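Colleague: Below is the structure I would like to discuss, written out as structure tokens.
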Amino acid sequence: MDRYYRAVSSRDSRFDGVFWTGVTSTGIYCRPSCPAKTPKVENCRFFPSAAAAARSGFRACKRCAPDAVPGSAQWDSRADVTARAVRLIGDGVVDRGGVPELASRLGYTERHLHRLLTEELGAGPLALARTQRAQTAKTLIGKTGLSLSEIAFAAGFGSIRQFNDTFREVYGCAPSALRREDAPVDGTVSLKLSYRAPLHAASLFGFLAMRTIAGVDDFRDGRYTRALRLPHGPATATLWPEDGHVAALLHLSDVRDLTPAVARCRRLLDLDADPAAVDAVLGADPALSAAVTAEPGVRLPRSVDGFEMAVRAVVGQQISVSGARTVLARLCAAAAALDDAELGRPAPTRHPATGLDDRPGTRTAAERSGSFGETAGMSARLAAVSPKLQPGQGTMPGFPTPEQVLALPDEVFAMPGARRRTVRALAEAVRDGLRLDAGSDRAATREALLALPGVGPWTADYVALRALGDPDVLLTTDLGTRRGAKALGLPDDPAALARHAERWRPWRSYAQIRLWRAA
């Protein structure tokens, strides 16, 4: 408690997202760096999550916006069940499929999962998801012109009453109190994505810029734009660094996808990392200290699509980055030209009441059954707005799905036959249930990848590095890694480098990025 109070007294922003402070004399909860007058220690209670604070009767501070802080770095980097659950809740799994879907993804009972989360976060999965829904609704109220009933539905609430009650519980006011008059109703949402300083934006965006693929992502005028495939439809995100935050401009085809869109953009840019902790470990090595001092806050570029990243890894085996881009661009262009008949699926049909795509698999079972409070009127309203929410999607179709890859003819794969068979085996595995995302079990996923023909340790580890977000991966056999190590005066022999890198644990993935930069 003394440590937490010292952080509050000094308004230390490094602890934002690590804990939240409830002030009993005012009934509000704040981030540690809140600029308000420091409360007396006897009036402070400390919570491991915003949901735990709200569950204890505290409402969010309007001055410091404790719901807008970066997520805890431990949930971002840890590989255990609790951390995986937090990441999946952040991606909206509970909103789309309920706690049963979350438990199924993790392989645990709902009861056991509730106990694990309550022990560490002070709140169960429903309470965590409920607080997140309120945060999503707050963003939609301030950034869009949708009606409050539409926002309640889009944020995942089961009823208007639940929406109003939760909002008053979390923010201490009615939803209408945050309404802006000039907000657009076109699916465009502009946001500020917070992070823990420092952030070396040049290395982060430079890495992504060097690997863009026509039709999937693009970098120009300092802004990175990419297609997103979200649970309810396609979207695009444009991201660029600003002073103290990353600006995001989202074009959503369905506003229900705001939560996963934000979560995936944050994960792509590694915005929940703790750069001070990473740099402290890496900077202690004399071979890296100069680089850490010159470029503090180097992040680990991750992904928004695990299948895309795995295909990139396979195609990139033993060829240059530019060569891989050329091969992938050809693959993506051919996939974008496929029609529904070639993919063996029915043409789009529209539900007569809602106007939404009613093909099997286009919506979750929970949504089709209406268990999240879906009404024909609200669905029809969102569907009517949706056509306006897709600027530029005709020119950025996104990365192919596994089904699209499997439908492509051999001549489209500009690669050796063995590598083509590996790509297809990967597509079949993902189609049949292999998950490559932040909620995946890292060890089990690595084993599953290694069981595929043509997938070796380098490919599996590259997927772990970027798709799964493992913070402790080093590609010792990679040519770029060895060149970077040699440039920094480190051993370039894989075995010797692996031994030296033991001192970089648990942040070897960040050392990997620095070695690539040194190369």
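Labels for the structure tokens follow display order: chains A, B, ..., residues from 1 in each chain, ligands from 1.
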Near region 507-511 of chain A, counting only C-alpha atoms, which residues have an atom at most 9 Å away, once you skip same-chain residues fewer than 2 positions from it, shown as a PyMOL selection string?

Modeller: chain A and resi 278-279+281-282+288+298-300+465+469-475+501-505+513-516

Colleague: Which polymer residues have any atom within 12 Å of an atom of Arg161 (chain A), counting only C-alpha atoms, with same-chain residues fewer than 2 positions away left out, as a list of chain:residue names?

Modeller: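 Listing them by chain and then by number gives A:Leu148, A:Ser149, A:Ala152, A:Phe153, A:Phe157, A:Gly158, A:Ser159, A:Phe163, A:Asn164, A:Asp165, A:Thr166, A:Phe167, A:Arg168, A:Ala174, A:Pro175, A:Gly373.
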
Colleague: Report as an mmCIF file with N, CA, C and O atoms, in the first residue's frame all protein, DNA and RNA residues lying within 10 Å of region 394-404 of chain A, evaluated on only C-alpha atoms, omitting residues in the same chain fewer than 3 positions from it.

Modeller:
data_model
loop_
_atom_site.group_PDB
_atom_site.id
_atom_site.type_symbol
_atom_site.label_atom_id
_atom_site.label_comp_id
_atom_site.auth_asym_id
_atom_site.auth_seq_id
_atom_site.Cartn_x
_atom_site.Cartn_y
_atom_site.Cartn_z
ATOM 1 N N ILE A 213 1.943 -4.428 -48.044
ATOM 2 C CA ILE A 213 1.517 -5.224 -49.196
ATOM 3 C C ILE A 213 0.362 -4.484 -49.865
ATOM 4 O O ILE A 213 -0.606 -4.092 -49.186
ATOM 5 N N ALA A 214 0.428 -4.310 -51.160
ATOM 6 C CA ALA A 214 -0.642 -3.627 -51.891
ATOM 7 C C ALA A 214 -1.982 -4.305 -51.623
ATOM 8 O O ALA A 214 -2.109 -5.526 -51.727
ATOM 9 N N GLY A 215 -2.969 -3.510 -51.252
ATOM 10 C CA GLY A 215 -4.292 -4.040 -50.975
ATOM 11 C C GLY A 215 -4.514 -4.469 -49.551
ATOM 12 O O GLY A 215 -5.638 -4.762 -49.143
ATOM 13 N N VAL A 216 -3.427 -4.523 -48.750
ATOM 14 C CA VAL A 216 -3.532 -4.944 -47.351
ATOM 15 C C VAL A 216 -3.201 -3.789 -46.422
ATOM 16 O O VAL A 216 -3.957 -3.467 -45.494
ATOM 17 N N ASP A 217 -2.066 -3.142 -46.648
ATOM 18 C CA ASP A 217 -1.682 -2.001 -45.821
ATOM 19 C C ASP A 217 -0.834 -1.044 -46.645
ATOM 20 O O ASP A 217 -0.353 -1.375 -47.744
ATOM 21 N N ASP A 218 -0.643 0.160 -46.110
ATOM 22 C CA ASP A 218 0.028 1.203 -46.868
ATOM 23 C C ASP A 218 0.631 2.200 -45.888
ATOM 24 O O ASP A 218 0.111 2.385 -44.778
ATOM 25 N N THR A 225 -1.849 2.891 -42.823
ATOM 26 C CA THR A 225 -3.242 2.491 -43.020
ATOM 27 C C THR A 225 -3.295 1.015 -43.371
ATOM 28 O O THR A 225 -2.483 0.536 -44.158
ATOM 29 N N ARG A 226 -4.229 0.304 -42.779
ATOM 30 C CA ARG A 226 -4.360 -1.103 -43.119
ATOM 31 C C ARG A 226 -5.820 -1.546 -43.004
ATOM 32 O O ARG A 226 -6.638 -0.941 -42.311
ATOM 33 N N ALA A 227 -6.108 -2.628 -43.735
ATOM 34 C CA ALA A 227 -7.427 -3.249 -43.670
ATOM 35 C C ALA A 227 -7.524 -4.114 -42.416
ATOM 36 O O ALA A 227 -6.536 -4.709 -41.972
ATOM 37 N N LEU A 228 -8.709 -4.170 -41.848
ATOM 38 C CA LEU A 228 -8.992 -5.022 -40.697
ATOM 39 C C LEU A 228 -10.161 -5.938 -41.048
ATOM 40 O O LEU A 228 -11.133 -5.495 -41.662
ATOM 41 N N ARG A 229 -10.063 -7.189 -40.643
ATOM 42 C CA ARG A 229 -11.189 -8.105 -40.774
ATOM 43 C C ARG A 229 -11.730 -8.334 -39.369
ATOM 44 O O ARG A 229 -11.138 -9.056 -38.564
ATOM 45 N N PRO A 234 -15.692 -5.786 -42.557
ATOM 46 C CA PRO A 234 -14.374 -5.182 -42.825
ATOM 47 C C PRO A 234 -14.284 -3.767 -42.282
ATOM 48 O O PRO A 234 -15.287 -3.102 -42.013
ATOM 49 N N ALA A 235 -13.062 -3.297 -42.119
ATOM 50 C CA ALA A 235 -12.810 -1.937 -41.638
ATOM 51 C C ALA A 235 -11.423 -1.529 -42.094
ATOM 52 O O ALA A 235 -10.638 -2.352 -42.580
ATOM 53 N N THR A 236 -11.117 -0.258 -41.947
ATOM 54 C CA THR A 236 -9.760 0.226 -42.161
ATOM 55 C C THR A 236 -9.360 1.080 -40.969
ATOM 56 O O THR A 236 -10.202 1.719 -40.327
ATOM 57 N N ASP A 305 -3.881 -9.916 -37.550
ATOM 58 C CA ASP A 305 -4.396 -11.122 -38.194
ATOM 59 C C ASP A 305 -3.318 -12.193 -38.108
ATOM 60 O O ASP A 305 -2.306 -12.133 -38.809
ATOM 61 N N PHE A 307 -3.326 -15.333 -39.044
ATOM 62 C CA PHE A 307 -3.140 -16.114 -40.272
ATOM 63 C C PHE A 307 -2.270 -15.339 -41.260
ATOM 64 O O PHE A 307 -1.358 -15.906 -41.886
ATOM 65 N N GLU A 308 -2.549 -14.063 -41.412
ATOM 66 C CA GLU A 308 -1.715 -13.229 -42.283
ATOM 67 C C GLU A 308 -0.252 -13.291 -41.872
ATOM 68 O O GLU A 308 0.641 -13.469 -42.711
ATOM 69 N N MET A 309 0.006 -13.167 -40.582
ATOM 70 C CA MET A 309 1.388 -13.153 -40.120
ATOM 71 C C MET A 309 2.055 -14.500 -40.345
ATOM 72 O O MET A 309 3.251 -14.573 -40.675
ATOM 73 N N VAL A 311 1.348 -16.655 -42.774
ATOM 74 C CA VAL A 311 1.642 -16.769 -44.204
ATOM 75 C C VAL A 311 2.846 -15.916 -44.561
ATOM 76 O O VAL A 311 3.722 -16.320 -45.341
ATOM 77 N N LEU A 328 3.689 -11.857 -51.976
ATOM 78 C CA LEU A 328 2.442 -11.708 -51.236
ATOM 79 C C LEU A 328 1.460 -10.787 -51.951
ATOM 80 O O LEU A 328 0.242 -11.017 -51.918
ATOM 81 N N ALA A 329 1.968 -9.744 -52.597
ATOM 82 C CA ALA A 329 1.088 -8.837 -53.332
ATOM 83 C C ALA A 329 0.369 -9.572 -54.457
ATOM 84 O O ALA A 329 -0.828 -9.361 -54.702
ATOM 85 N N LEU A 331 -0.287 -12.778 -54.537
ATOM 86 C CA LEU A 331 -1.227 -13.699 -53.892
ATOM 87 C C LEU A 331 -2.499 -12.960 -53.475
ATOM 88 O O LEU A 331 -3.623 -13.424 -53.708
ATOM 89 N N CYS A 332 -2.317 -11.794 -52.867
ATOM 90 C CA CYS A 332 -3.463 -11.024 -52.370
ATOM 91 C C CYS A 332 -4.329 -10.505 -53.515
ATOM 92 O O CYS A 332 -5.564 -10.489 -53.421
ATOM 93 N N ALA A 333 -3.702 -10.074 -54.601
ATOM 94 C CA ALA A 333 -4.460 -9.572 -55.748
ATOM 95 C C ALA A 333 -5.320 -10.676 -56.355
ATOM 96 O O ALA A 333 -6.481 -10.456 -56.723
ATOM 97 N N ALA A 334 -4.768 -11.863 -56.459
ATOM 98 C CA ALA A 334 -5.522 -12.982 -57.022
ATOM 99 C C ALA A 334 -6.683 -13.370 -56.108
ATOM 100 O O ALA A 334 -7.787 -13.675 -56.573
ATOM 101 N N ALA A 335 -6.444 -13.356 -54.802
ATOM 102 C CA ALA A 335 -7.499 -13.719 -53.847
ATOM 103 C C ALA A 335 -8.630 -12.697 -53.867
ATOM 104 O O ALA A 335 -9.808 -13.059 -53.742
ATOM 105 N N ALA A 336 -8.286 -11.418 -54.020
ATOM 106 C CA ALA A 336 -9.302 -10.369 -54.029
ATOM 107 C C ALA A 336 -10.228 -10.491 -55.227
ATOM 108 O O ALA A 336 -11.371 -10.015 -55.199
ATOM 109 N N ALA A 337 -9.752 -11.133 -56.286
ATOM 110 C CA ALA A 337 -10.552 -11.267 -57.503
ATOM 111 C C ALA A 337 -11.510 -12.448 -57.451
ATOM 112 O O ALA A 337 -12.373 -12.591 -58.322
ATOM 113 N N LEU A 338 -11.375 -13.314 -56.450
ATOM 114 C CA LEU A 338 -12.267 -14.470 -56.342
ATOM 115 C C LEU A 338 -13.686 -14.017 -56.012
ATOM 116 O O LEU A 338 -13.892 -13.074 -55.251
ATOM 117 N N ASP A 339 -14.665 -14.708 -56.568
ATOM 118 C CA ASP A 339 -16.047 -14.401 -56.210
ATOM 119 C C ASP A 339 -16.601 -15.507 -55.316
ATOM 120 O O ASP A 339 -15.944 -16.506 -55.023
ATOM 121 N N ASP A 340 -17.852 -15.328 -54.863
ATOM 122 C CA ASP A 340 -18.442 -16.281 -53.924
ATOM 123 C C ASP A 340 -18.535 -17.684 -54.510
ATOM 124 O O ASP A 340 -18.328 -18.673 -53.806
ATOM 125 N N GLU A 342 -16.555 -19.155 -56.647
ATOM 126 C CA GLU A 342 -15.244 -19.803 -56.636
ATOM 127 C C GLU A 342 -14.850 -20.251 -55.238
ATOM 128 O O GLU A 342 -14.083 -21.196 -55.057
ATOM 129 N N LEU A 343 -15.376 -19.574 -54.241
ATOM 130 C CA LEU A 343 -15.077 -19.936 -52.854
ATOM 131 C C LEU A 343 -16.031 -20.993 -52.320
ATOM 132 O O LEU A 343 -15.916 -21.406 -51.162
ATOM 133 N N GLY A 344 -17.004 -21.388 -53.135
ATOM 134 C CA GLY A 344 -17.921 -22.439 -52.712
ATOM 135 C C GLY A 344 -18.876 -22.004 -51.630
ATOM 136 O O GLY A 344 -19.305 -22.809 -50.794
ATOM 137 N N ARG A 345 -19.245 -20.724 -51.603
ATOM 138 C CA ARG A 345 -20.175 -20.249 -50.590
ATOM 139 C C ARG A 345 -21.344 -19.543 -51.273
ATOM 140 O O ARG A 345 -21.207 -19.043 -52.389
ATOM 141 N N GLN A 390 -17.619 2.535 -45.304
ATOM 142 C CA GLN A 390 -16.583 1.743 -45.943
ATOM 143 C C GLN A 390 -15.771 2.530 -46.973
ATOM 144 O O GLN A 390 -15.554 2.076 -48.085
ATOM 145 N N PRO A 391 -15.303 3.724 -46.630
ATOM 146 C CA PRO A 391 -14.512 4.465 -47.614
ATOM 147 C C PRO A 391 -13.216 3.742 -47.930
ATOM 148 O O PRO A 391 -12.516 3.286 -47.041
ATOM 149 N N ALA A 407 -8.555 -21.658 -52.386
ATOM 150 C CA ALA A 407 -9.234 -21.641 -53.679
ATOM 151 C C ALA A 407 -8.331 -21.167 -54.819
ATOM 152 O O ALA A 407 -8.722 -21.263 -55.986
ATOM 153 N N LEU A 408 -7.141 -20.698 -54.512
ATOM 154 C CA LEU A 408 -6.257 -20.152 -55.541
ATOM 155 C C LEU A 408 -5.568 -21.264 -56.330
ATOM 156 O O LEU A 408 -5.177 -22.289 -55.773
ATOM 157 N N VAL A 423 1.935 -23.397 -47.268
ATOM 158 C CA VAL A 423 0.922 -22.344 -47.140
ATOM 159 C C VAL A 423 -0.474 -22.957 -47.121
ATOM 160 O O VAL A 423 -1.332 -22.573 -46.309
ATOM 161 N N ARG A 424 -0.703 -23.924 -47.982
ATOM 162 C CA ARG A 424 -2.022 -24.556 -48.031
ATOM 163 C C ARG A 424 -2.290 -25.379 -46.763
ATOM 164 O O ARG A 424 -3.418 -25.398 -46.248
ATOM 165 N N ALA A 425 -1.279 -26.058 -46.270
ATOM 166 C CA ALA A 425 -1.456 -26.822 -45.030
ATOM 167 C C ALA A 425 -1.779 -25.880 -43.869
ATOM 168 O O ALA A 425 -2.620 -26.199 -43.008
ATOM 169 N N LEU A 426 -1.135 -24.733 -43.849
ATOM 170 C CA LEU A 426 -1.411 -23.732 -42.827
ATOM 171 C C LEU A 426 -2.848 -23.223 -42.946
ATOM 172 O O LEU A 426 -3.567 -23.096 -41.937
ATOM 173 N N ALA A 427 -3.274 -22.929 -44.178
ATOM 174 C CA ALA A 427 -4.642 -22.449 -44.395
ATOM 175 C C ALA A 427 -5.665 -23.490 -43.950
ATOM 176 O O ALA A 427 -6.694 -23.151 -43.340
ATOM 177 N N GLU A 428 -5.396 -24.759 -44.237
ATOM 178 C CA GLU A 428 -6.308 -25.817 -43.815
ATOM 179 C C GLU A 428 -6.377 -25.899 -42.291
ATOM 180 O O GLU A 428 -7.458 -26.075 -41.707
ATOM 181 N N ALA A 429 -5.233 -25.763 -41.633
ATOM 182 C CA ALA A 429 -5.202 -25.856 -40.171
ATOM 183 C C ALA A 429 -5.995 -24.716 -39.530
ATOM 184 O O ALA A 429 -6.759 -24.930 -38.582
ATOM 185 N N VAL A 430 -5.827 -23.496 -40.049
ATOM 186 C CA VAL A 430 -6.550 -22.354 -39.497
ATOM 187 C C VAL A 430 -8.037 -22.467 -39.805
ATOM 188 O O VAL A 430 -8.892 -22.198 -38.958
ATOM 189 N N ARG A 431 -8.355 -22.889 -41.008
ATOM 190 C CA ARG A 431 -9.769 -23.108 -41.361
ATOM 191 C C ARG A 431 -10.414 -24.127 -40.428
ATOM 192 O O ARG A 431 -11.581 -23.982 -40.030
ATOM 193 N N ASP A 432 -9.648 -25.136 -40.048
ATOM 194 C CA ASP A 432 -10.192 -26.220 -39.227
ATOM 195 C C ASP A 432 -10.098 -25.949 -37.725
ATOM 196 O O ASP A 432 -10.405 -26.834 -36.923
#

Colleague: Can you pull out the residues contacting Asp437 (chain A)? Cut-off 10 Å, using only C-alpha atoms, and skip same-chain residues under 2 positions away; I want them as an mmCIF file with N, CA, C and O atoms, in the first residue's frame.

Modeller:
data_model
loop_
_atom_site.group_PDB
_atom_site.id
_atom_site.type_symbol
_atom_site.label_atom_id
_atom_site.label_comp_id
_atom_site.auth_asym_id
_atom_site.auth_seq_id
_atom_site.Cartn_x
_atom_site.Cartn_y
_atom_site.Cartn_z
ATOM 1 N N ARG A 84 -4.351 -14.524 -20.847
ATOM 2 C CA ARG A 84 -5.026 -14.838 -22.107
ATOM 3 C C ARG A 84 -6.490 -14.438 -22.038
ATOM 4 O O ARG A 84 -7.058 -13.903 -23.013
ATOM 5 N N ARG A 87 -6.853 -10.665 -22.441
ATOM 6 C CA ARG A 87 -6.676 -10.242 -23.834
ATOM 7 C C ARG A 87 -7.906 -10.579 -24.676
ATOM 8 O O ARG A 87 -8.314 -9.801 -25.542
ATOM 9 N N LEU A 88 -8.508 -11.743 -24.439
ATOM 10 C CA LEU A 88 -9.700 -12.119 -25.194
ATOM 11 C C LEU A 88 -10.899 -11.251 -24.823
ATOM 12 O O LEU A 88 -11.697 -10.864 -25.690
ATOM 13 N N ARG A 264 -7.083 -4.433 -31.339
ATOM 14 C CA ARG A 264 -6.127 -4.965 -32.319
ATOM 15 C C ARG A 264 -5.138 -3.894 -32.772
ATOM 16 O O ARG A 264 -3.963 -4.200 -33.033
ATOM 17 N N SER A 303 0.617 -7.972 -34.813
ATOM 18 C CA SER A 303 -0.259 -8.152 -35.971
ATOM 19 C C SER A 303 -1.711 -7.997 -35.564
ATOM 20 O O SER A 303 -2.059 -8.065 -34.378
ATOM 21 N N VAL A 304 -2.567 -7.828 -36.575
ATOM 22 C CA VAL A 304 -4.013 -7.806 -36.357
ATOM 23 C C VAL A 304 -4.663 -9.071 -36.894
ATOM 24 O O VAL A 304 -5.851 -9.288 -36.715
ATOM 25 N N ASP A 305 -3.881 -9.916 -37.550
ATOM 26 C CA ASP A 305 -4.396 -11.122 -38.194
ATOM 27 C C ASP A 305 -3.318 -12.193 -38.108
ATOM 28 O O ASP A 305 -2.306 -12.133 -38.809
ATOM 29 N N GLY A 306 -3.537 -13.186 -37.253
ATOM 30 C CA GLY A 306 -2.532 -14.212 -37.044
ATOM 31 C C GLY A 306 -2.278 -15.057 -38.282
ATOM 32 O O GLY A 306 -1.130 -15.446 -38.550
ATOM 33 N N PHE A 307 -3.326 -15.333 -39.044
ATOM 34 C CA PHE A 307 -3.140 -16.114 -40.272
ATOM 35 C C PHE A 307 -2.270 -15.339 -41.260
ATOM 36 O O PHE A 307 -1.358 -15.906 -41.886
ATOM 37 N N LEU A 434 -7.305 -23.998 -35.910
ATOM 38 C CA LEU A 434 -6.078 -23.505 -35.296
ATOM 39 C C LEU A 434 -6.174 -21.985 -35.138
ATOM 40 O O LEU A 434 -6.428 -21.266 -36.104
ATOM 41 N N ARG A 435 -5.983 -21.497 -33.943
ATOM 42 C CA ARG A 435 -6.083 -20.059 -33.668
ATOM 43 C C ARG A 435 -4.692 -19.485 -33.473
ATOM 44 O O ARG A 435 -3.862 -20.048 -32.749
ATOM 45 N N GLY A 439 -5.083 -14.716 -27.615
ATOM 46 C CA GLY A 439 -5.616 -15.623 -26.609
ATOM 47 C C GLY A 439 -5.131 -17.051 -26.742
ATOM 48 O O GLY A 439 -5.514 -17.912 -25.951
ATOM 49 N N SER A 440 -4.276 -17.330 -27.713
ATOM 50 C CA SER A 440 -3.798 -18.692 -27.941
ATOM 51 C C SER A 440 -2.766 -19.108 -26.899
ATOM 52 O O SER A 440 -1.993 -18.282 -26.411
ATOM 53 N N ASP A 441 -2.753 -20.383 -26.595
ATOM 54 C CA ASP A 441 -1.713 -20.946 -25.740
ATOM 55 C C ASP A 441 -0.422 -21.000 -26.557
ATOM 56 O O ASP A 441 -0.352 -21.680 -27.586
ATOM 57 N N ARG A 442 0.595 -20.288 -26.124
ATOM 58 C CA ARG A 442 1.803 -20.127 -26.941
ATOM 59 C C ARG A 442 2.528 -21.447 -27.168
ATOM 60 O O ARG A 442 2.950 -21.751 -28.290
ATOM 61 N N THR A 445 0.413 -23.787 -29.420
ATOM 62 C CA THR A 445 0.352 -23.284 -30.789
ATOM 63 C C THR A 445 1.665 -23.544 -31.509
ATOM 64 O O THR A 445 1.674 -23.912 -32.696
ATOM 65 N N VAL A 463 6.113 -16.520 -35.862
ATOM 66 C CA VAL A 463 4.682 -16.399 -35.574
ATOM 67 C C VAL A 463 4.465 -16.080 -34.097
ATOM 68 O O VAL A 463 3.626 -15.246 -33.741
ATOM 69 N N ALA A 464 5.218 -16.753 -33.217
ATOM 70 C CA ALA A 464 5.102 -16.463 -31.785
ATOM 71 C C ALA A 464 5.479 -15.020 -31.486
ATOM 72 O O ALA A 464 4.840 -14.347 -30.669
ATOM 73 N N ARG A 466 5.358 -12.282 -33.506
ATOM 74 C CA ARG A 466 4.507 -11.218 -34.034
ATOM 75 C C ARG A 466 3.009 -11.512 -33.938
ATOM 76 O O ARG A 466 2.231 -10.611 -33.662
ATOM 77 N N ALA A 467 2.580 -12.734 -34.174
ATOM 78 C CA ALA A 467 1.147 -13.029 -34.119
ATOM 79 C C ALA A 467 0.668 -13.265 -32.694
ATOM 80 O O ALA A 467 -0.390 -12.782 -32.302
ATOM 81 N N LEU A 468 1.445 -14.019 -31.910
ATOM 82 C CA LEU A 468 1.052 -14.317 -30.538
ATOM 83 C C LEU A 468 1.553 -13.276 -29.549
ATOM 84 O O LEU A 468 1.095 -13.229 -28.409
ATOM 85 N N GLY A 469 2.511 -12.454 -29.956
ATOM 86 C CA GLY A 469 3.012 -11.395 -29.083
ATOM 87 C C GLY A 469 3.893 -11.874 -27.955
ATOM 88 O O GLY A 469 3.980 -11.229 -26.905
#

Colleague: Under the rule that only C-alpha atoms are counted, which of A:Gly142, A:Pro231, A:Gly433, A:Pro506 is the nearest residue to Gly97 (chain A)?

Modeller: A:Pro231

Colleague: Just to confirm, what's the straight-line distance from CA of Tyr462 (chain A) to CA of Val69 (chain A) in Å (one decimal)?

Modeller: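 CA of Val69 (chain A) lies at a distance of 29.3 Å from CA of Tyr462 (chain A).
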
Colleague: At what distance in Å, to one decimal, does CA of Ala495 (chain A) lie from CA of Val321 (chain A)?

Modeller: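 Computing the Euclidean distance for CA of Val321 (chain A) and CA of Ala495 (chain A) yields 24.8 Å.
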
Colleague: One number please: CA of Ala60 (chain A) to CA of Gly156 (chain A), in Å, one decimal.

Modeller: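 Calculated distance between CA of Ala60 (chain A) and CA of Gly156 (chain A) is 19.9 Å.
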
Colleague: Between A:Ala68, A:Leu126, A:Ala247, A:Leu452, which is the closest to Lys138 (chain A) once you count only C-alpha atoms?

Modeller: A:Ala68

Colleague: Find the residues around region 38-45 of chain A up to 7 Å (only C-alpha atoms counted), leave out those fewer than 3 positions away in its own chain, and share them as a list in words.

Modeller: Tyr5, Ser9, Thr21, Gly22, Val23, Thr24 and Ser25 of chain A

Colleague: Any chance you could export the current selection's N, CA, C and O atoms as a compact mmCIF listing (two decimals), in the first residue's frame?

Modeller:
# COMPACT_ATOMS: atom_id res chain seq x y z
N TYR A 5 0.67 4.33 -2.69
CA TYR A 5 0.39 5.71 -2.28
C TYR A 5 1.52 6.64 -2.71
O TYR A 5 1.28 7.79 -3.09
N SER A 9 1.03 9.96 -4.85
CA SER A 9 1.52 11.26 -4.36
C SER A 9 2.42 11.94 -5.38
O SER A 9 2.42 13.17 -5.50
N THR A 21 -6.99 3.89 -8.09
CA THR A 21 -7.18 4.37 -6.72
C THR A 21 -8.62 4.81 -6.51
O THR A 21 -9.13 5.69 -7.22
N GLY A 22 -9.30 4.19 -5.55
CA GLY A 22 -10.63 4.62 -5.15
C GLY A 22 -10.52 5.56 -3.97
O GLY A 22 -9.78 5.29 -3.01
N VAL A 23 -11.22 6.69 -4.02
CA VAL A 23 -11.16 7.69 -2.96
C VAL A 23 -12.49 7.66 -2.22
O VAL A 23 -13.54 8.05 -2.77
N THR A 24 -12.47 7.18 -0.99
CA THR A 24 -13.71 6.97 -0.24
C THR A 24 -14.43 8.28 0.09
O THR A 24 -15.65 8.29 0.24
N SER A 25 -13.70 9.38 0.20
CA SER A 25 -14.33 10.65 0.56
C SER A 25 -15.11 11.27 -0.60
O SER A 25 -15.98 12.11 -0.39

Colleague: For Ala79 (chain A), which of A:Leu250, A:Leu450, A:Ala137, A:Ala444 is the closest residue, counting only C-alpha atoms?

Modeller: A:Ala444

Colleague: Between A:Leu269, A:Ala154, A:Leu128, A:Ala85, which is the closest to Ala202 (chain A) once you count only C-alpha atoms?

Modeller: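 Result for the nearest residue to Ala202 (chain A): A:Leu269.
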
Colleague: Which of region 14-226 of chain A end up as strand (DSSP E) when DSSP is run on this backbone - answer as a list in words?

Modeller: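 Those residues are Trp20, Thr21, Gly22, Val23, Ile28, Tyr29, Cys30, Cys44, Arg45, Phe46, Phe47, Arg59, Ala60, Thr188, Val189, Ser190, Leu191, Lys192, Leu193, Asp217, Asp218, Phe219, Arg220, Arg223, Tyr224, Thr225 and Arg226 of chain A.
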
Colleague: When you count only C-alpha atoms, which of these residues is closest to Gly71 (chain A): A:Ile160, A:Val94, A:Ala273, A:Ala414?

Modeller: A:Ala273
